[in-house]
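Q: So here's model-v7.cif, just mmCIF, C-alpha atoms:
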```
data_coords
loop_
_atom_site.label_atom_id
_atom_site.label_comp_id
_atom_site.auth_asym_id
_atom_site.auth_seq_id
_atom_site.Cartn_x
_atom_site.Cartn_y
_atom_site.Cartn_z
CA MET O 163 -19.08 3.78 9.75
CA ARG O 164 -16.74 1.42 7.95
CA ALA O 165 -13.63 1.62 5.75
CA PHE O 166 -12.27 -1.05 3.41
CA ILE O 167 -8.47 -0.91 3.51
CA PHE O 168 -5.76 -2.37 1.28
CA PRO O 169 -2.14 -3.36 2.13
CA GLY O 170 1.11 -2.20 0.57
CA GLN O 171 4.40 -3.73 -0.46
CA GLY O 172 5.87 -6.28 1.91
CA SER O 173 2.64 -8.27 2.29
CA GLN O 174 3.52 -10.53 -0.67
CA ALA O 175 4.38 -14.21 -0.09
CA VAL O 176 4.73 -17.26 -2.33
CA GLY O 177 1.40 -19.09 -2.24
CA MET O 178 -0.69 -15.93 -2.04
CA GLY O 179 -4.10 -16.29 -3.64
CA LYS O 180 -3.78 -20.03 -4.32
CA ALA O 181 -6.35 -21.32 -1.82
CA LEU O 182 -8.76 -18.52 -2.73
CA ALA O 183 -8.49 -19.27 -6.46
CA GLU O 184 -9.05 -22.97 -5.83
CA ALA O 185 -12.20 -22.16 -3.86
CA SER O 186 -13.71 -19.38 -5.97
CA VAL O 187 -14.37 -18.68 -9.63
CA ALA O 188 -14.53 -14.96 -8.80
CA ALA O 189 -10.94 -15.02 -7.55
CA ARG O 190 -9.72 -16.98 -10.58
CA GLU O 191 -11.32 -14.43 -12.89
CA VAL O 192 -9.41 -11.60 -11.20
CA PHE O 193 -6.07 -13.38 -11.50
CA GLN O 194 -6.73 -14.25 -15.16
CA GLU O 195 -7.69 -10.67 -15.99
CA VAL O 196 -4.49 -9.36 -14.40
CA ASP O 197 -2.40 -11.95 -16.26
CA ASP O 198 -4.03 -10.91 -19.54
CA ALA O 199 -3.53 -7.22 -18.84
CA LEU O 200 0.17 -7.67 -18.08
CA GLY O 201 0.93 -10.33 -20.67
CA GLN O 202 2.62 -12.50 -18.04
CA ASN O 203 1.69 -15.40 -15.78
CA LEU O 204 1.74 -13.38 -12.59
CA TYR O 205 -0.61 -15.81 -10.85
CA ARG O 206 1.86 -18.66 -11.31
CA LEU O 207 4.60 -16.48 -9.87
CA MET O 208 2.37 -15.63 -6.92
CA THR O 209 1.57 -19.24 -6.18
CA GLU O 210 4.82 -21.00 -7.10
CA GLY O 211 7.56 -18.37 -6.89
CA PRO O 212 10.49 -18.08 -6.94
CA GLU O 213 10.28 -15.68 -4.02
CA ALA O 214 13.11 -13.47 -5.31
CA GLU O 215 11.19 -12.82 -8.53
CA LEU O 216 7.89 -12.20 -6.72
CA THR O 217 9.62 -9.71 -4.43
CA LEU O 218 10.78 -7.59 -7.37
CA THR O 219 8.88 -4.32 -7.11
CA GLU O 220 7.37 -4.58 -10.60
CA ASN O 221 5.86 -7.97 -9.69
CA ALA O 222 5.07 -7.48 -6.01
CA GLN O 223 2.95 -4.37 -6.57
CA PRO O 224 0.44 -5.82 -9.09
CA ALA O 225 0.47 -9.15 -7.21
CA ILE O 226 -0.54 -7.58 -3.90
CA MET O 227 -3.24 -5.57 -5.65
CA ALA O 228 -4.57 -8.64 -7.49
CA ASN O 229 -4.76 -10.65 -4.27
CA ALA O 230 -6.59 -7.84 -2.47
CA ILE O 231 -9.10 -7.28 -5.28
CA ALA O 232 -9.68 -11.05 -5.63
CA THR O 233 -10.54 -11.16 -1.92
CA LEU O 234 -12.96 -8.28 -2.35
CA ARG O 235 -14.59 -9.80 -5.45
CA VAL O 236 -15.20 -13.07 -3.61
CA LEU O 237 -16.92 -11.15 -0.82
CA GLU O 238 -18.98 -9.19 -3.33
CA LYS O 239 -19.97 -12.01 -5.70
CA GLU O 240 -20.31 -14.94 -3.32
CA GLY O 241 -21.22 -13.02 -0.18
CA GLY O 242 -23.72 -10.77 -1.94
CA ILE O 243 -21.99 -7.66 -0.61
CA ARG O 244 -21.74 -4.34 -2.48
CA LEU O 245 -18.85 -2.07 -1.49
CA ALA O 246 -20.95 1.06 -1.91
CA ASP O 247 -23.51 -0.33 0.55
CA LYS O 248 -21.08 -1.54 3.22
CA ALA O 249 -18.12 0.88 3.08
CA ASP O 250 -18.16 4.63 3.69
CA PHE O 251 -14.51 5.09 2.64
CA VAL O 252 -11.61 3.16 1.15
CA ALA O 253 -7.93 3.61 1.87
CA GLY O 254 -4.66 1.87 1.11
CA HIS O 255 -1.05 1.91 2.23
CA SER O 256 1.27 3.12 -0.57
CA LEU O 257 0.43 0.91 -3.59
CA GLY O 258 -2.76 0.13 -1.66
CA ASP O 259 -3.99 3.54 -2.84
CA TYR O 260 -4.35 1.93 -6.28
CA SER O 261 -6.08 -1.16 -4.88
CA ALA O 262 -8.51 1.10 -3.02
CA LEU O 263 -9.30 3.06 -6.19
CA CYS O 264 -9.83 -0.17 -8.12
CA ALA O 265 -12.09 -1.51 -5.37
CA ALA O 266 -14.16 1.68 -5.52
CA ASP O 267 -14.41 1.43 -9.35
CA ALA O 268 -12.37 4.58 -10.02
CA LEU O 269 -9.89 2.43 -11.99
CA ASP O 270 -10.68 -0.79 -13.82
CA LEU O 271 -8.68 -3.87 -12.89
CA ALA O 272 -6.60 -4.08 -16.08
CA THR O 273 -5.61 -0.41 -15.89
CA THR O 274 -4.70 -0.76 -12.22
CA ALA O 275 -2.44 -3.73 -12.94
CA GLN O 276 -0.73 -1.89 -15.79
CA LEU O 277 -0.22 1.26 -13.73
CA LEU O 278 1.33 -0.70 -10.89
CA LYS O 279 3.63 -2.55 -13.27
CA THR O 280 4.77 0.83 -14.61
CA ARG O 281 5.06 2.22 -11.08
CA GLY O 282 7.16 -0.71 -9.90
CA ARG O 283 9.54 -0.49 -12.86
CA ALA O 284 9.86 3.28 -12.57
CA MET O 285 10.53 3.19 -8.84
CA GLN O 286 13.17 0.50 -9.29
CA ALA O 287 14.86 2.39 -12.13
CA ALA O 288 14.88 5.75 -10.33
CA VAL O 289 17.93 4.96 -8.17
CA PRO O 290 20.79 2.56 -9.02
CA VAL O 291 20.82 -0.53 -6.79
CA GLY O 292 22.97 0.04 -3.72
CA GLN O 293 22.77 3.83 -3.72
CA GLY O 294 19.52 4.05 -1.77
CA ALA O 295 18.15 2.39 1.35
CA MET O 296 15.28 2.40 3.82
CA ALA O 297 15.19 1.77 7.56
CA VAL O 298 12.52 1.33 10.19
CA LEU O 299 12.72 3.24 13.45
CA LEU O 300 10.77 1.68 16.32
CA GLY O 301 9.82 3.47 19.50
CA MET O 302 9.98 6.96 17.99
CA ASP O 303 7.09 9.22 17.08
CA PHE O 304 6.93 10.83 13.65
CA ASP O 305 8.33 14.22 14.65
CA ALA O 306 11.32 12.64 16.42
CA ALA O 307 11.98 10.37 13.43
CA ARG O 308 11.82 13.33 11.06
CA GLU O 309 14.37 15.18 13.21
CA VAL O 310 16.65 12.15 13.05
CA ALA O 311 16.35 12.10 9.24
CA THR O 312 17.16 15.80 9.02
CA ALA O 313 20.19 15.41 11.27
CA ALA O 314 21.47 12.44 9.24
CA ALA O 315 20.97 13.92 5.79
CA GLU O 316 24.00 16.26 5.66
CA SER O 317 24.42 16.76 1.89
CA GLU O 318 22.32 13.70 0.99
CA VAL O 319 18.63 12.76 1.01
CA CYS O 320 17.14 11.29 4.18
CA GLU O 321 13.40 11.69 4.67
CA ALA O 322 10.45 10.20 6.54
CA ALA O 323 8.75 7.79 4.13
CA ASN O 324 6.03 5.98 6.11
CA ASP O 325 4.29 7.09 9.30
CA ASN O 326 2.78 3.77 10.31
CA GLY O 327 1.72 4.72 13.84
CA GLY O 328 2.41 2.96 17.09
CA GLY O 329 5.92 4.38 17.18
CA GLN O 330 6.89 2.87 13.82
CA VAL O 331 8.35 5.22 11.21
CA VAL O 332 10.19 4.26 8.02
CA ILE O 333 12.87 6.56 6.61
CA SER O 334 14.25 6.59 3.07
CA GLY O 335 17.14 8.11 1.14
CA HIS O 336 20.79 7.70 0.24
CA ALA O 337 22.37 4.59 1.79
CA GLY O 338 25.02 6.55 3.66
CA ALA O 339 22.45 8.89 5.17
CA ILE O 340 20.29 5.98 6.26
CA ASP O 341 23.30 4.40 7.99
CA ARG O 342 23.92 7.66 9.84
CA ALA O 343 20.24 7.91 10.78
CA ILE O 344 20.28 4.46 12.36
CA VAL O 345 23.16 5.49 14.64
CA ILE O 346 21.50 8.81 15.54
CA ALA O 347 18.12 7.16 16.19
CA LYS O 348 19.67 4.71 18.64
CA GLU O 349 21.51 7.57 20.39
CA ARG O 350 18.19 9.41 20.71
CA GLY O 351 16.35 6.51 22.30
CA ALA O 352 14.83 4.44 19.50
CA LYS O 353 14.01 0.92 20.70
CA ARG O 354 15.28 -0.48 17.41
CA ALA O 355 16.60 0.97 14.17
CA MET O 356 17.43 -1.29 11.25
CA THR O 357 17.63 -1.29 7.48
CA LEU O 358 14.85 -2.93 5.48
CA PRO O 359 15.38 -5.53 2.72
CA VAL O 360 14.12 -3.32 -0.11
CA SER O 361 15.59 -2.70 -3.54
CA ALA O 362 15.03 1.07 -3.73
CA PRO O 363 14.43 4.10 -1.46
CA PHE O 364 10.68 4.53 -1.86
CA HIS O 365 8.65 7.62 -0.87
CA CYS O 366 11.45 10.15 -0.85
CA SER O 367 12.66 12.85 -3.24
CA LEU O 368 15.05 10.39 -4.94
CA MET O 369 11.92 8.95 -6.56
CA LYS O 370 11.33 12.09 -8.64
CA PRO O 371 12.03 10.27 -11.97
CA ALA O 372 9.41 7.69 -11.02
CA ALA O 373 6.91 10.43 -10.20
CA GLU O 374 7.46 11.92 -13.65
CA ALA O 375 6.87 8.51 -15.25
CA MET O 376 3.66 8.07 -13.26
CA ALA O 377 2.43 11.54 -14.20
CA GLU O 378 2.65 10.52 -17.85
CA ALA O 379 1.02 7.11 -17.26
CA LEU O 380 -1.80 8.53 -15.13
CA ALA O 381 -2.54 11.29 -17.63
CA ALA O 382 -3.46 8.60 -20.15
CA ALA O 383 -5.36 6.35 -17.72
CA PRO O 384 -9.17 6.34 -17.63
CA LEU O 385 -10.07 7.38 -14.09
CA ARG O 386 -13.59 7.93 -12.74
CA ALA O 387 -14.93 9.29 -9.47
CA PRO O 388 -14.82 6.47 -6.88
CA LEU O 389 -18.05 4.95 -5.53
CA VAL O 390 -16.98 6.16 -2.08
CA PRO O 391 -14.24 8.68 -1.21
CA VAL O 392 -10.66 7.44 -0.81
CA TYR O 393 -8.42 8.66 1.99
CA ALA O 394 -5.27 9.64 0.11
CA ASN O 395 -1.84 8.75 1.52
CA VAL O 396 -0.24 12.15 1.01
CA THR O 397 -3.06 14.27 2.47
CA ALA O 398 -4.68 11.90 5.01
CA ALA O 399 -7.98 13.32 3.76
CA PRO O 400 -10.84 12.02 1.61
CA VAL O 401 -10.84 12.75 -2.12
CA ALA O 402 -13.30 11.89 -4.89
CA ASP O 403 -12.40 14.25 -7.76
CA PRO O 404 -10.57 12.32 -10.54
CA ALA O 405 -8.22 15.22 -11.41
CA MET O 406 -7.18 15.58 -7.77
CA ILE O 407 -6.75 11.81 -7.44
CA ARG O 408 -4.33 11.83 -10.39
CA GLU O 409 -2.33 14.66 -8.82
CA LEU O 410 -2.15 12.93 -5.44
CA LEU O 411 -1.04 9.62 -6.96
CA VAL O 412 1.88 11.44 -8.57
CA ARG O 413 2.77 13.24 -5.33
CA GLN O 414 2.55 9.95 -3.46
CA VAL O 415 5.62 8.51 -5.24
CA THR O 416 7.93 10.98 -3.50
CA GLY O 417 5.69 11.87 -0.54
CA THR O 418 5.24 10.43 2.93
CA VAL O 419 2.67 7.68 3.44
CA ARG O 420 0.62 9.34 6.19
CA TRP O 421 -1.08 6.17 7.41
CA ARG O 422 -1.28 7.12 11.08
CA GLU O 423 -2.92 10.42 10.25
CA SER O 424 -5.26 8.74 7.77
CA VAL O 425 -6.55 6.31 10.38
CA GLU O 426 -6.81 9.07 13.00
CA ALA O 427 -8.78 11.22 10.55
CA MET O 428 -11.10 8.37 9.59
CA PHE O 429 -11.69 7.46 13.23
CA ALA O 430 -12.42 11.10 14.08
CA ALA O 431 -14.91 11.15 11.20
CA GLY O 432 -16.75 8.21 12.77
CA VAL O 433 -15.10 5.23 11.05
CA HIS O 434 -14.74 2.65 13.81
CA ASP O 435 -14.82 -0.54 11.69
CA TYR O 436 -11.97 -1.44 9.30
CA VAL O 437 -11.78 -4.41 6.92
CA GLU O 438 -8.39 -5.27 5.38
CA PHE O 439 -8.41 -7.21 2.11
CA GLY O 440 -5.65 -9.67 1.20
CA GLY O 441 -3.30 -9.15 4.10
CA LYS O 442 -2.79 -9.09 7.87
CA VAL O 443 -0.58 -6.01 8.12
CA LEU O 444 -2.91 -3.03 8.33
CA GLY O 445 -5.35 -4.50 10.86
CA PRO O 446 -2.76 -4.52 13.68
CA MET O 447 -1.61 -1.03 12.63
CA VAL O 448 -5.17 0.27 12.90
CA ARG O 449 -5.59 -1.20 16.37
CA ARG O 450 -2.33 0.44 17.54
CA ILE O 451 -3.41 3.82 16.16
CA ALA O 452 -7.06 3.63 17.26
CA PRO O 453 -7.38 1.08 20.10
CA ASP O 454 -11.15 1.44 20.21
CA ALA O 455 -11.52 0.53 16.52
CA THR O 456 -12.50 -2.89 15.20
CA ALA O 457 -10.19 -4.26 12.49
CA THR O 458 -10.76 -7.47 10.53
CA SER O 459 -8.25 -8.98 8.09
CA LEU O 460 -9.53 -11.11 5.21
CA VAL O 461 -7.15 -13.64 3.66
CA ALA O 462 -8.79 -17.06 3.60
CA MET O 463 -12.20 -18.17 2.36
CA ALA O 464 -13.27 -18.76 5.96
CA ASP O 465 -12.48 -15.11 6.81
CA ILE O 466 -14.64 -13.92 3.92
CA GLU O 467 -17.55 -16.22 4.79
CA ALA O 468 -17.48 -15.11 8.43
CA LEU O 469 -17.51 -11.44 7.53
CA ALA O 470 -20.30 -11.88 4.96
CA LYS O 471 -22.53 -13.25 7.73
CA MET O 472 -21.79 -10.23 9.91
CA LEU O 473 -22.27 -7.44 7.37
#
```
Could you show the structure in this file as structure tokens?
A:
Amino acid sequence: MRAFIFPGQGSQAVGMGKALAEASVAAREVFQEVDDALGQNLYRLMTEGPEAELTLTENAQPAIMANAIATLRVLEKEGGIRLADKADFVAGHSLGDYSALCAADALDLATTAQLLKTRGRAMQAAVPVGQGAMAVLLGMDFDAAREVATAAAESEVCEAANDNGGGQVVISGHAGAIDRAIVIAKERGAKRAMTLPVSAPFHCSLMKPAAEAMAEALAAAPLRAPLVPVYANVTAAPVADPAMIRELLVRQVTGTVRWRESVEAMFAAGVHDYVEFGGKVLGPMVRRIAPDATATSLVAMADIEALAKML
């Protein structure tokens, strides 16, 4: 069995999508449709920068999605591959949930871009700059990292945000609590503990205003049952019902990204082959979580052509 998987924030880089667009009409059509939906030249920002503007959450989220979907469309249109024929499940990391739903035709491309623009703005606006922070703890399992977060919280928020597997857990919350957590994590044996260069504390209860904004946006969004089930971040379980998908996307804003558990659950269900679209972040994560799995990352035209011959 096979899963198509989609990366989250942090996989953006100036130049993304440029070579693919130059090589494929299908990719150019995706980037143009996203530009039209957002009323901005996001593709130019993706390919030319400046990096600081691309890294802004409201730009990075739709850009990463657009790059992933462009990669998929090239495989589908030029490789003659249909997702429903070659994938048993889809899954994504954080914003990758939206890319996965778009890939599986639960959301159309324009709606996905608009939702991610709204999501990025709402997440950025939820907490004033400087009040929140995130940190990565390396060499600690999820339970140990969660205990560190609880010990550091005191009267503030400090929660486990991403369980990435392989002893990598990201925590999120008030800046002071994150600073305390870094000290505690090192005292408790973490190999490394360091803050991340992010502009807001994602996937923690401080994001409640953003969750409320997304509940309103998702209520108005046309959402269909996906062609194949999606493994949802917050449950690490497959879902296909549109009403439940809406609910889980709202919960995901404040909830933990349960990536390790998602991969473990997919592998236990018989998914041993994983294809990452538009990034090279999730493939290594999958191999750390499930060493017997095969993981392929598609970024360049050559990657797509090679996979098309294999499928």
Q: Dump as an MDAnalysis selection string all residues having an atom at most 12 Å from (22.9, 3.4, 5.9), computed in the file's coordinates with all atoms listed in the file.
A: chainID O and resid 292:298 311 314:315 318:320 333:347 355:358 363
Q: Applying the PyMOL selection byres ((chain O and resi 173) around 10) to the file I just gave you, which residues come out? Please list them as a PyMOL selection string.
A: chain O and resi 169-172+174-175+178+217+222-223+225-226+440-444
Q: So which one's closest to Ala266 in chain O, O:Arg386, O:Arg422, O:Lys471, O:Lys370? Using only C-alpha atoms, please.
A: O:Arg386
Q: How many Å lie between CA of Ala362 in chain O and CA of Gly258 in chain O, rounded to one decimal?
A: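 These two atoms are separated by 17.9 Å.
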Q: Give as a VMD selection string the residues that the PyMOL selection byres ((chain O and resi 259) around 9) matches when applied to the coordinates above.
A: chain O and resid 167 to 170 252 to 258 260 to 264 392 to 395 411
Q: Could you check how far CA of Ile231 in chain O sits from CA of Ala399 in chain O, in Å to one decimal?
A: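 Computing the Euclidean distance for CA of Ile231 in chain O and CA of Ala399 in chain O yields 22.5 Å.
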Q: What does the distance from CA of Thr456 in chain O to CA of Ala249 in chain O come to in Å, to one decimal?
A: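 It comes out at 13.9 Å.
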Q: Using all atoms listed in the file, determine which residues lie at most 12 Å from Ala468 in chain O, disregarding the query and same-chain residues fewer than 4 positions distant; provide the list as a list in words.
A: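 Those residues are Leu237, Gly241, Thr458, Ser459, Leu460, Val461, Ala462, Met463, Ala464, Met472 and Leu473 of chain O.
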Q: Nearest to Asp403 in chain O: which of O:Val390, O:Leu207, O:Ile243, O:Ala452 is it, counting all atoms listed in the file?
A: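 Closest residue, counting all atoms listed in the file: O:Val390.
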Q: Go through O:Pro400, O:Ala382, O:Ala268, O:Met447 one by one, measure the shortest atom-to-atom distance of each to Val331 in chain O using all atoms listed in the file, and give the residue with the smallest value.
A: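 Of the candidates, the smallest distance to Val331 in chain O is held by O:Met447.
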Q: Have a look at O:Val289, O:Ala306, O:Leu269, O:Met428 and name the one nearest to Arg408 in chain O; count all atoms listed in the file.
A: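 The closest residue to Arg408 in chain O is O:Leu269.
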